[in-house]
$ cat input.pdb   # PDB, C-alpha atoms
MODEL        1
ATOM      1  CA  MET Z   1      21.787 -47.869  32.955
ATOM      2  CA  GLU Z   2      23.118 -44.461  31.924
ATOM      3  CA  GLU Z   3      22.110 -41.185  33.553
ATOM      4  CA  GLY Z   4      20.154 -39.866  30.475
ATOM      5  CA  ASP Z   5      17.816 -42.898  30.345
ATOM      6  CA  VAL Z   6      14.347 -42.914  31.924
ATOM      7  CA  GLU Z   7      12.981 -45.859  33.844
ATOM      8  CA  MET Z   8       9.927 -46.917  31.782
ATOM      9  CA  ALA Z   9       8.588 -49.421  34.255
ATOM     10  CA  ALA Z  10       8.287 -46.826  37.029
ATOM     11  CA  ALA Z  11       6.549 -44.264  34.800
ATOM     12  CA  ASP Z  12       4.138 -46.834  33.329
ATOM     13  CA  GLY Z  13       1.417 -46.436  35.987
ATOM     14  CA  GLY Z  14       1.006 -42.656  35.577
ATOM     15  CA  SER Z  15       1.455 -42.646  31.799
ATOM     16  CA  GLY Z  16      -2.005 -44.127  31.168
ATOM     17  CA  VAL Z  17      -3.664 -41.198  32.928
ATOM     18  CA  GLU Z  18      -1.398 -38.686  31.117
ATOM     19  CA  LEU Z  19      -2.115 -40.369  27.779
ATOM     20  CA  ASP Z  20      -5.882 -40.120  28.362
ATOM     21  CA  ASP Z  21      -5.496 -36.438  29.316
ATOM     22  CA  MET Z  22      -3.479 -35.766  26.149
ATOM     23  CA  LYS Z  23      -6.064 -37.547  23.972
ATOM     24  CA  LYS Z  24      -8.850 -35.513  25.582
ATOM     25  CA  ARG Z  25      -6.965 -32.230  25.017
ATOM     26  CA  LEU Z  26      -6.206 -33.232  21.414
ATOM     27  CA  LYS Z  27      -9.894 -33.959  20.760
ATOM     28  CA  ASP Z  28     -10.865 -30.580  22.288
ATOM     29  CA  MET Z  29      -8.337 -28.824  20.056
ATOM     30  CA  GLU Z  30      -9.640 -30.620  16.949
ATOM     31  CA  ASP Z  31     -13.241 -29.676  17.828
ATOM     32  CA  GLU Z  32     -12.155 -26.059  18.302
ATOM     33  CA  ALA Z  33     -10.349 -26.079  14.938
ATOM     34  CA  THR Z  34     -13.415 -27.402  13.082
ATOM     35  CA  ALA Z  35     -15.613 -24.773  14.763
ATOM     36  CA  LEU Z  36     -13.152 -22.061  13.702
ATOM     37  CA  ARG Z  37     -13.122 -23.365  10.122
ATOM     38  CA  GLU Z  38     -16.936 -23.279  10.009
ATOM     39  CA  MET Z  39     -16.973 -19.712  11.352
ATOM     40  CA  GLN Z  40     -14.319 -18.668   8.824
ATOM     41  CA  SER Z  41     -16.279 -20.097   5.888
ATOM     42  CA  LYS Z  42     -19.471 -18.409   7.138
ATOM     43  CA  VAL Z  43     -17.703 -15.038   7.397
ATOM     44  CA  GLU Z  44     -16.153 -15.456   3.932
ATOM     45  CA  GLN Z  45     -19.576 -16.174   2.459
ATOM     46  CA  GLU Z  46     -21.029 -13.088   4.161
ATOM     47  CA  MET Z  47     -18.141 -10.858   3.067
ATOM     48  CA  GLY Z  48     -18.375 -12.117  -0.499
ATOM     49  CA  ALA Z  49     -14.857 -13.524  -0.657
ATOM     50  CA  VAL Z  50     -16.173 -16.811  -2.018
ATOM     51  CA  GLN Z  51     -18.382 -15.651  -4.877
ATOM     52  CA  ASP Z  52     -19.373 -17.263  -8.080
ATOM     53  CA  PRO Z  53     -18.526 -15.333 -11.282
ATOM     54  CA  ALA Z  54     -22.195 -14.484 -11.934
ATOM     55  CA  ALA Z  55     -22.526 -12.815  -8.513
ATOM     56  CA  ALA Z  56     -19.231 -10.968  -9.032
ATOM     57  CA  ALA Z  57     -20.432  -9.687 -12.425
ATOM     58  CA  ALA Z  58     -23.741  -8.579 -10.886
ATOM     59  CA  ASN Z  59     -21.866  -6.815  -8.095
ATOM     60  CA  GLN Z  60     -19.622  -5.039 -10.648
ATOM     61  CA  ALA Z  61     -22.692  -3.991 -12.693
ATOM     62  CA  ASN Z  62     -24.354  -2.651  -9.537
ATOM     63  CA  ARG Z  63     -21.200  -0.684  -8.678
ATOM     64  CA  GLU Z  64     -21.061   0.786 -12.200
ATOM     65  CA  GLU Z  65     -24.718   1.803 -11.934
ATOM     66  CA  VAL Z  66     -24.087   3.555  -8.587
ATOM     67  CA  ASP Z  67     -20.968   5.265  -9.989
ATOM     68  CA  SER Z  68     -22.973   6.565 -12.958
ATOM     69  CA  ARG Z  69     -25.150   8.459 -10.432
ATOM     70  CA  SER Z  70     -22.172   9.796  -8.421
ATOM     71  CA  ILE Z  71     -19.751  12.709  -8.681
ATOM     72  CA  PHE Z  72     -16.263  13.417  -7.366
ATOM     73  CA  VAL Z  73     -15.820  16.716  -5.506
ATOM     74  CA  GLY Z  74     -12.239  17.881  -5.029
ATOM     75  CA  ASN Z  75     -10.708  20.747  -3.001
ATOM     76  CA  VAL Z  76     -13.287  20.379  -0.209
ATOM     77  CA  ASP Z  77     -12.496  22.432   2.888
ATOM     78  CA  TYR Z  78     -11.303  20.303   5.835
ATOM     79  CA  SER Z  79     -13.908  21.837   8.177
ATOM     80  CA  CYS Z  80     -16.775  21.081   5.755
ATOM     81  CA  THR Z  81     -19.454  18.648   6.968
ATOM     82  CA  PRO Z  82     -21.412  16.185   4.782
ATOM     83  CA  GLU Z  83     -24.591  18.184   5.470
ATOM     84  CA  GLU Z  84     -23.022  21.339   3.991
ATOM     85  CA  VAL Z  85     -21.890  19.443   0.884
ATOM     86  CA  GLN Z  86     -25.394  17.986   0.564
ATOM     87  CA  GLN Z  87     -26.955  21.477   0.782
ATOM     88  CA  HIS Z  88     -24.538  22.760  -1.875
ATOM     89  CA  PHE Z  89     -25.632  20.068  -4.374
ATOM     90  CA  GLN Z  90     -29.308  19.932  -3.323
ATOM     91  CA  SER Z  91     -30.345  22.085  -6.313
ATOM     92  CA  CYS Z  92     -29.051  19.436  -8.771
ATOM     93  CA  GLY Z  93     -31.281  16.620  -7.557
ATOM     94  CA  THR Z  94     -32.008  14.343  -4.611
ATOM     95  CA  VAL Z  95     -28.778  13.526  -2.780
ATOM     96  CA  ASN Z  96     -28.685   9.915  -1.622
ATOM     97  CA  ARG Z  97     -25.327   9.906   0.172
ATOM     98  CA  VAL Z  98     -22.294  12.136   0.781
ATOM     99  CA  THR Z  99     -18.953  10.504   1.591
ATOM    100  CA  ILE Z 100     -16.035  12.651   2.748
ATOM    101  CA  ARG Z 101     -12.882  10.520   2.688
ATOM    102  CA  THR Z 102     -10.645  10.558   5.767
ATOM    103  CA  ASN Z 103      -7.162   9.246   6.572
ATOM    104  CA  LYS Z 104      -6.384   6.670   9.263
ATOM    105  CA  TYR Z 105      -6.429   9.366  11.967
ATOM    106  CA  GLY Z 106      -9.916  10.591  11.027
ATOM    107  CA  GLN Z 107      -8.857  13.879   9.386
ATOM    108  CA  PRO Z 108     -10.544  14.647   6.044
ATOM    109  CA  LYS Z 109      -8.443  14.195   2.898
ATOM    110  CA  GLY Z 110     -10.006  17.165   1.093
ATOM    111  CA  TYR Z 111     -12.318  15.400  -1.343
ATOM    112  CA  ALA Z 112     -15.776  13.852  -1.276
ATOM    113  CA  TYR Z 113     -18.172  11.686  -3.290
ATOM    114  CA  VAL Z 114     -21.828  12.630  -3.742
ATOM    115  CA  GLU Z 115     -24.331   9.976  -4.842
ATOM    116  CA  PHE Z 116     -27.666  11.072  -6.337
ATOM    117  CA  LEU Z 117     -30.901   9.137  -6.787
ATOM    118  CA  GLU Z 118     -31.204  10.211 -10.453
ATOM    119  CA  ALA Z 119     -28.493   9.851 -13.108
ATOM    120  CA  GLU Z 120     -29.575  13.175 -14.681
ATOM    121  CA  ALA Z 121     -28.431  15.039 -11.559
ATOM    122  CA  VAL Z 122     -24.789  14.319 -12.451
ATOM    123  CA  GLU Z 123     -24.882  16.697 -15.454
ATOM    124  CA  GLN Z 124     -26.462  19.402 -13.288
ATOM    125  CA  ALA Z 125     -23.802  18.885 -10.603
ATOM    126  CA  ILE Z 126     -20.937  19.162 -13.116
ATOM    127  CA  LEU Z 127     -22.244  22.656 -13.952
ATOM    128  CA  LEU Z 128     -21.354  23.605 -10.353
ATOM    129  CA  ASN Z 129     -17.640  23.089 -11.131
ATOM    130  CA  GLU Z 130     -15.445  25.908  -9.755
ATOM    131  CA  THR Z 131     -18.188  27.193  -7.431
ATOM    132  CA  GLU Z 132     -17.141  28.185  -3.916
ATOM    133  CA  LEU Z 133     -17.894  26.382  -0.661
ATOM    134  CA  HIS Z 134     -16.258  27.661   2.548
ATOM    135  CA  GLY Z 135     -14.154  30.008   0.419
ATOM    136  CA  ARG Z 136     -12.600  27.232  -1.687
ATOM    137  CA  GLN Z 137     -13.216  26.512  -5.373
ATOM    138  CA  LEU Z 138     -14.669  23.033  -5.803
ATOM    139  CA  LYS Z 139     -13.496  20.708  -8.577
ATOM    140  CA  VAL Z 140     -16.515  18.660  -9.686
ATOM    141  CA  SER Z 141     -16.311  15.746 -12.127
ATOM    142  CA  ALA Z 142     -18.182  12.520 -12.810
ATOM    143  CA  LYS Z 143     -17.033   9.616 -10.651
ATOM    144  CA  ARG Z 144     -15.104   6.975 -12.540
ATOM    145  CA  THR Z 145     -15.518   3.253 -11.895
ATOM    146  CA  ASN Z 146     -12.432   1.434 -10.726
ATOM    147  CA  VAL Z 147     -11.872  -1.834 -12.551
ATOM    148  CA  PRO Z 148     -10.128  -4.398 -10.317
ATOM    149  CA  GLY Z 149      -6.709  -5.439 -11.561
ATOM    150  CA  MET Z 150      -6.382  -2.497 -13.973
ATOM    151  CA  LYS Z 151      -3.968  -0.393 -11.940
ATOM    152  CA  GLN Z 152      -1.626   1.497 -14.202
ATOM    153  CA  PHE Z 153       2.048   0.747 -13.672
ATOM    154  CA  ARG Z 154       4.124   3.834 -13.074
ATOM    155  CA  PRO Z 155       7.874   3.247 -12.978
ATOM    156  CA  ARG Z 156       9.778   4.735 -10.103
ATOM    157  CA  ARG Z 157      11.405   8.043 -10.961
ATOM    158  CA  ALA Z 158      14.764   9.198  -9.665
ATOM    159  CA  ASN Z 159      14.507  11.859  -6.974
ATOM    160  CA  PRO Z 160      17.035  14.645  -7.628
ATOM    161  CA  HIS Z 161      17.170  15.519  -3.923
ATOM    162  CA  THR Z 162      18.112  12.087  -2.653
ATOM    163  CA  GLY Z 163      20.351  11.100  -5.539
ATOM    164  CA  TYR Z 164      19.789   8.362  -8.050
ATOM    165  CA  ARG Z 165      19.389   4.932  -6.514
ATOM    166  CA  SER Z 166      19.334   2.003  -8.864
ATOM    167  CA  ARG Z 167      18.075  -1.459  -7.993
ATOM    168  CA  THR Z 168      21.488  -3.003  -8.581
ATOM    169  CA  PRO Z 169      23.625  -3.424  -5.477
ATOM    170  CA  TYR Z 170      26.336  -0.861  -4.797
ATOM    171  CA  MET Z 171      29.734  -1.929  -6.134
ATOM    172  CA  PRO Z 172      32.560   0.384  -5.094
ATOM    173  CA  ALA Z 173      35.343   1.102  -7.561
ATOM    174  CA  PRO Z 174      38.529  -0.882  -6.987
ATOM    175  CA  ILE Z 175      41.085   0.996  -4.917
ATOM    176  CA  PHE Z 176      44.232   1.889  -6.828
ATOM    177  CA  TYR Z 177      47.323   2.442  -4.733
ATOM    178  CA  SER Z 178      50.123   4.496  -6.240
ATOM    179  CA  PRO Z 179      53.437   2.588  -6.222
ATOM    180  CA  TYR Z 180      55.268   5.817  -5.306
ATOM    181  CA  GLY Z 181      53.213   6.638  -2.185
ATOM    182  CA  TYR Z 182      50.364   9.060  -1.451
ATOM    183  CA  GLY Z 183      50.627  12.245  -3.535
ATOM    184  CA  LYS Z 184      53.959  11.241  -5.077
ATOM    185  CA  VAL Z 185      54.422  11.497  -8.809
ATOM    186  CA  PRO Z 186      57.495  10.057 -10.508
ATOM    187  CA  ARG Z 187      59.809  12.702 -11.938
ATOM    188  CA  PHE Z 188      61.837  11.857 -14.952
ATOM    189  CA  ARG Z 189      65.210  13.681 -15.042
ATOM    190  CA  MET Z 190      68.005  13.477 -17.429
ATOM    191  CA  PRO Z 191      70.994  11.843 -15.791
ATOM    192  CA  MET Z 192      73.704  14.287 -14.674
ATOM    193  CA  ARG Z 193      76.641  12.199 -15.854
ATOM    194  CA  TYR Z 194      77.137   9.873 -18.694
ATOM    195  CA  ASN Z 195      75.977   6.349 -17.934
ATOM    196  CA  PRO Z 196      76.715   3.753 -20.601
ATOM    197  CA  TYR Z 197      73.924   1.426 -19.385
ATOM    198  CA  PHE Z 198      71.013   3.782 -20.101
TER     199      PHE Z 198
ENDMDL
END

$ encode --input "input.pdb" --output "structure tokens"
Amino acid sequence: MEEGDVEMAAADGGSGVELDDMKKRLKDMEDEATALREMQSKVEQEMGAVQDPAAAAANQANREEVDSRSIFVGNVDYSCTPEEVQQHFQSCGTVNRVTIRTNKYGQPKGYAYVEFLEAEAVEQAILLNETELHGRQLKVSAKRTNVPGMKQFRPRRANPHTGYRSRTPYMPAPIFYSPYGYGKVPRFRMPMRYNPYF
């Protein structure tokens, strides 16, 4: 018997208990996995990830209807609150919701969306373009509906400050060594004496 081998007869008595423990743990893990799969499918159904095309079309139509009653407000002051934006557009119609977009740190990005209850209020709100709020001129336009998968492709432009970087890998020019040495240039002189071999 070599030193790497294990005595199977000696380990046989305890292996039955270990095998039962392993089977029990495996069954627990399988039960846990099925429970997780059920929870995942339930969450996906709630979030709308698994939707039929009819529901997706209805959702898109609902979004377009909400966007037809909404406006985009640009150049909003960073200290502006949603209540102040709502008061500014209150004369146009009944404001349903004001959304001021923020970055991942919670600071405002400088633009907002205002949703009205009536679609006619959008034309009235566009008339308030270039009015002032907190000393800044607002840019008001109708909100456009984003169509999924219709992102325009913009090719990458070369930045003049960083130099042009192409997508091809860098290939340095081959190094040419002068046969005469660094900085040496051959000089051609006429021979001083007569040489019959030249």

$ closest_residue --input "input.pdb" --among "Z:Ala58, Z:Tyr105, Z:His134, Z:Pro53" --to "Glu84 of chain Z" --atoms "all atoms listed in the file"
Z:His134

$ atom_distance --input "input.pdb" --atom1 "atom CA of Arg69 of chain Z" --atom2 "atom CA of Ala55 of chain Z"
21.5 Å

$ residues_around --input "input.pdb" --residues "segment 60-65 of chain Z" --least-positions-apart "2" --cutoff "10 Å" --atoms "all atoms listed in the file" --output "ChimeraX atom specification"
/Z:54-58,67-70,119,143-148

$ atom_distance --input "input.pdb" --atom1 "atom CA of Gln86 of chain Z" --atom2 "atom CA of Val114 of chain Z"
7.7 Å

$ resolve_selection --input "input.pdb" --expression "the PyMOL selection byres ((chain Z and resi 125) around 10)" --output "ChimeraX atom specification"
/Z:70-73,88-93,114,116,120-124,126-129,140-142

$ atom_distance --input "input.pdb" --atom1 "atom CA of Gly110 of chain Z" --atom2 "atom CA of Tyr78 of chain Z"
5.8 Å

$ closest_residue --input "input.pdb" --among "Z:Gly74, Z:Ser15, Z:Pro108, Z:Met39" --to "Gln137 of chain Z" --atoms "all atoms listed in the file"
Z:Gly74

$ residues_near_point --input "input.pdb" --point "(-27.0, 11.5, -2.9)" --cutoff "7 Å" --atoms "only C-alpha atoms" --output "list of chain:residue names"
Z:Thr94, Z:Val95, Z:Asn96, Z:Arg97, Z:Val98, Z:Val114, Z:Glu115, Z:Phe116, Z:Leu117

$ build_atoms --input "input.pdb" --residues "segment 108-119 of chain Z" --atoms "all heavy atoms" --output "short mmCIF file (atom, residue, chain, number, x, y, z; two decimals), in the coordinates of the input"
data_model
loop_
_atom_site.label_atom_id
_atom_site.label_comp_id
_atom_site.auth_asym_id
_atom_site.auth_seq_id
_atom_site.Cartn_x
_atom_site.Cartn_y
_atom_site.Cartn_z
N PRO Z 108 -10.09 14.71 7.44
CA PRO Z 108 -10.54 14.65 6.04
C PRO Z 108 -9.39 14.80 5.07
O PRO Z 108 -8.42 15.51 5.34
CB PRO Z 108 -11.52 15.82 5.91
CG PRO Z 108 -11.67 16.42 7.25
CD PRO Z 108 -10.67 15.82 8.16
N LYS Z 109 -9.49 14.14 3.92
CA LYS Z 109 -8.44 14.20 2.90
C LYS Z 109 -8.63 15.36 1.93
O LYS Z 109 -7.75 15.65 1.15
CB LYS Z 109 -8.42 12.90 2.09
CG LYS Z 109 -7.89 11.72 2.86
CD LYS Z 109 -7.78 10.53 1.95
CE LYS Z 109 -7.13 9.36 2.64
NZ LYS Z 109 -7.00 8.21 1.74
N GLY Z 110 -9.80 16.01 1.96
CA GLY Z 110 -10.01 17.16 1.09
C GLY Z 110 -10.80 16.86 -0.16
O GLY Z 110 -10.84 17.67 -1.07
N TYR Z 111 -11.43 15.69 -0.22
CA TYR Z 111 -12.32 15.40 -1.34
C TYR Z 111 -13.48 14.56 -0.86
O TYR Z 111 -13.43 13.97 0.23
CB TYR Z 111 -11.59 14.72 -2.51
CG TYR Z 111 -11.00 13.36 -2.21
CD1 TYR Z 111 -11.73 12.21 -2.46
CD2 TYR Z 111 -9.72 13.23 -1.71
CE1 TYR Z 111 -11.20 10.96 -2.21
CE2 TYR Z 111 -9.18 11.99 -1.45
CZ TYR Z 111 -9.92 10.86 -1.72
OH TYR Z 111 -9.39 9.63 -1.46
N ALA Z 112 -14.55 14.55 -1.67
CA ALA Z 112 -15.78 13.85 -1.28
C ALA Z 112 -16.42 13.22 -2.50
O ALA Z 112 -16.09 13.56 -3.65
CB ALA Z 112 -16.75 14.82 -0.61
N TYR Z 113 -17.35 12.29 -2.25
CA TYR Z 113 -18.17 11.69 -3.29
C TYR Z 113 -19.63 11.95 -2.94
O TYR Z 113 -20.03 11.80 -1.79
CB TYR Z 113 -17.94 10.17 -3.39
CG TYR Z 113 -16.56 9.80 -3.83
CD1 TYR Z 113 -15.62 9.31 -2.94
CD2 TYR Z 113 -16.17 9.96 -5.15
CE1 TYR Z 113 -14.34 8.97 -3.34
CE2 TYR Z 113 -14.90 9.63 -5.57
CZ TYR Z 113 -13.99 9.14 -4.66
OH TYR Z 113 -12.73 8.81 -5.07
N VAL Z 114 -20.41 12.37 -3.95
CA VAL Z 114 -21.83 12.63 -3.74
C VAL Z 114 -22.60 11.70 -4.66
O VAL Z 114 -22.37 11.67 -5.87
CB VAL Z 114 -22.17 14.11 -4.05
CG1 VAL Z 114 -23.66 14.35 -3.84
CG2 VAL Z 114 -21.35 15.04 -3.20
N GLU Z 115 -23.50 10.91 -4.06
CA GLU Z 115 -24.33 9.98 -4.84
C GLU Z 115 -25.75 10.52 -4.91
O GLU Z 115 -26.33 10.90 -3.89
CB GLU Z 115 -24.34 8.60 -4.17
CG GLU Z 115 -25.16 7.57 -4.90
CD GLU Z 115 -25.32 6.29 -4.11
OE1 GLU Z 115 -24.41 5.93 -3.36
OE2 GLU Z 115 -26.40 5.66 -4.25
N PHE Z 116 -26.30 10.58 -6.12
CA PHE Z 116 -27.67 11.07 -6.34
C PHE Z 116 -28.60 9.90 -6.59
O PHE Z 116 -28.16 8.79 -6.90
CB PHE Z 116 -27.72 12.01 -7.55
CG PHE Z 116 -26.94 13.29 -7.36
CD1 PHE Z 116 -25.68 13.43 -7.92
CD2 PHE Z 116 -27.46 14.34 -6.64
CE1 PHE Z 116 -24.96 14.59 -7.76
CE2 PHE Z 116 -26.75 15.51 -6.47
CZ PHE Z 116 -25.49 15.64 -7.02
N LEU Z 117 -29.91 10.16 -6.46
CA LEU Z 117 -30.90 9.14 -6.79
C LEU Z 117 -31.13 9.05 -8.29
O LEU Z 117 -31.44 8.00 -8.82
CB LEU Z 117 -32.23 9.44 -6.08
CG LEU Z 117 -32.27 9.15 -4.59
CD1 LEU Z 117 -33.60 9.54 -4.00
CD2 LEU Z 117 -32.00 7.68 -4.31
N GLU Z 118 -30.98 10.18 -9.00
CA GLU Z 118 -31.20 10.21 -10.45
C GLU Z 118 -29.87 10.37 -11.16
O GLU Z 118 -28.99 11.10 -10.70
CB GLU Z 118 -32.12 11.38 -10.85
CG GLU Z 118 -33.38 11.52 -10.02
CD GLU Z 118 -33.20 12.40 -8.80
OE1 GLU Z 118 -32.20 13.15 -8.76
OE2 GLU Z 118 -34.02 12.32 -7.90
N ALA Z 119 -29.73 9.72 -12.32
CA ALA Z 119 -28.49 9.85 -13.11
C ALA Z 119 -28.41 11.21 -13.79
O ALA Z 119 -27.32 11.69 -14.10
CB ALA Z 119 -28.42 8.73 -14.14
#
